[in-house]
Amino acid sequence: MHVIRPVRRDDLPGLLALAKVTSFGLTTLPDDPELLEQRIDASTVGFEQLRGKPAGEPYLFVLEDLSTGAVTGTTGVVSKVGGFEPFYAYRIETSVHESQQLGVRREVRTLHLVEEHDGPCEIGSLFLSPEVRTKGLGRLLSLSRFVFMAEFRPFFDPVVIAELRGVIDDRGHSPFWDALGSHFFQIEFPKAAYLSIKNKRFIADLMPGHPIYIPLLPESAQRVIGQVHEQTKPALHILESEGFAFSGMVDIFEAGPIVQCRLDDIRTVRASMRAEVAAVDDGITDEPASIIGTTLRQFRACLGSVRDQGNGRVALSRLTALALQVKVGDMVRHVPLRPAAEGRPASQTRGTS
């Protein structure tokens, strides 16, 4: 049994172990104890507060194997990007160049640097240990964030984005970075990505502010603009099934796509329902898989079965109740693991927090 819960200080060794097996491009999980400690501390403060308008609070979760206590995955949310640490991206635009004299009309794509100080909510930091990439745990990691956001809706920006890892080879080379960023920063891609999580000031100092004409880039760079890393395709599929779509922007380092969706339009947020635990029943085994989360600040979520008892009440299996640390009379929020097209739609009336 696996459970999603807020990260703790004693999870640092587990996070470092995960960091050592990630490939290039996952900048939010650095193999750096000091940076990871800072992320854990900032997340702890975020969970303790959970109040007021979103102001950039980070919420970092881990996936724990309850049978061993091992940290086998991580996922996170930032309530709002920007502020003192701007959000940078390239927006793809198309301009028309036409000569009536020559009878030539060309549509040329360009990259425009975006510097956002009052940006949207951002999800990220998703990584699942290769040993447990089965039984819906990747989907649990991804969607549990939305269950949490649905429960604490006022504390997140109304628009949600995700920067997806772009095309990078196993040696850390990015065709897009080699063609563009390397000429201005004069450092290798992995170092630039690492520095960006410590302080983004160097981006404003060195990144050109004028438009970049895509046709002037090498073919190898043009081909990867807006493309995802092979290992990131499952994550993209999950987000697309939730309602996310390409935003027209790409990452400034390796040109991975940035997808977005309004928070209220995300399938998991719309379909999730609040219910009271009416019973804990050892016989619950035949219901469709759901993501079930608690309604407390120290949020917990897991995969399990929910049996509708009517009147906004549900029954859970004993194993699920133990994993979530809930009892009869407590409230939970649940949602089918997969969209209606992939599984049975929910039958209850949606609840509110």
# chains A, B, ... in the order shown; residues from 1 in each chain; ligands from 1

call {"tool": "residues_around", "arguments": {"residues": "Arg300 in chain A", "least_positions_apart": "4", "cutoff": "12 Å", "atoms": "only C-alpha atoms", "output": "count of residues only"}}
result
33

call {"tool": "select_by_dssp", "arguments": {"residues": "range 173-263 of chain A", "states": "alpha helix (DSSP H)", "output": "ChimeraX atom specification"}}
result
/A:175-179,181-185,189-198,201-206,219-224,233-241

call {"tool": "closest_residue", "arguments": {"among": "A:Gln298, A:Ser290, A:Ser220, A:Ser317", "to": "Gly136 in chain A", "atoms": "only C-alpha atoms"}}
result
A:Ser290

call {"tool": "atom_distance", "arguments": {"atom1": "CA of Pro54 in chain A", "atom2": "CA of Phe244 in chain A"}}
result
21.0 Å

call {"tool": "closest_residue", "arguments": {"among": "A:Glu287, A:Glu242, A:Glu276, A:Asp282", "to": "Lys327 in chain A", "atoms": "only C-alpha atoms"}}
result
A:Glu276

call {"tool": "closest_residue", "arguments": {"among": "A:Pro175, A:Phe152, A:Phe189, A:Gly46", "to": "Pro218 in chain A", "atoms": "only C-alpha atoms"}}
result
A:Pro175

call {"tool": "closest_residue", "arguments": {"among": "A:Leu15, A:Val167, A:Met149, A:Ala179", "to": "Ser129 in chain A", "atoms": "only C-alpha atoms"}}
result
A:Leu15

call {"tool": "closest_atom_pairs", "arguments": {"of": "range 239-332 of chain A", "to": "range 91-101 of chain A", "cutoff": "8 Å", "atoms": "only C-alpha atoms", "output": "Markdown table"}}
result
| residue | atom | partner | partner_atom | distance |
| --- | --- | --- | --- | --- |
| A:Gly248 | CA | A:Ile92 | CA | 5.6 |
| A:Met249 | CA | A:Arg91 | CA | 4.2 |
| A:Val250 | CA | A:Arg91 | CA | 6.5 |

call {"tool": "closest_residue", "arguments": {"among": "A:Ile266, A:Val259, A:Val78, A:Val71", "to": "Phe146 in chain A", "atoms": "only C-alpha atoms"}}
result
A:Ile266

call {"tool": "atom_distance", "arguments": {"atom1": "CA of Ala204 in chain A", "atom2": "CA of Ser174 in chain A"}}
result
20.7 Å
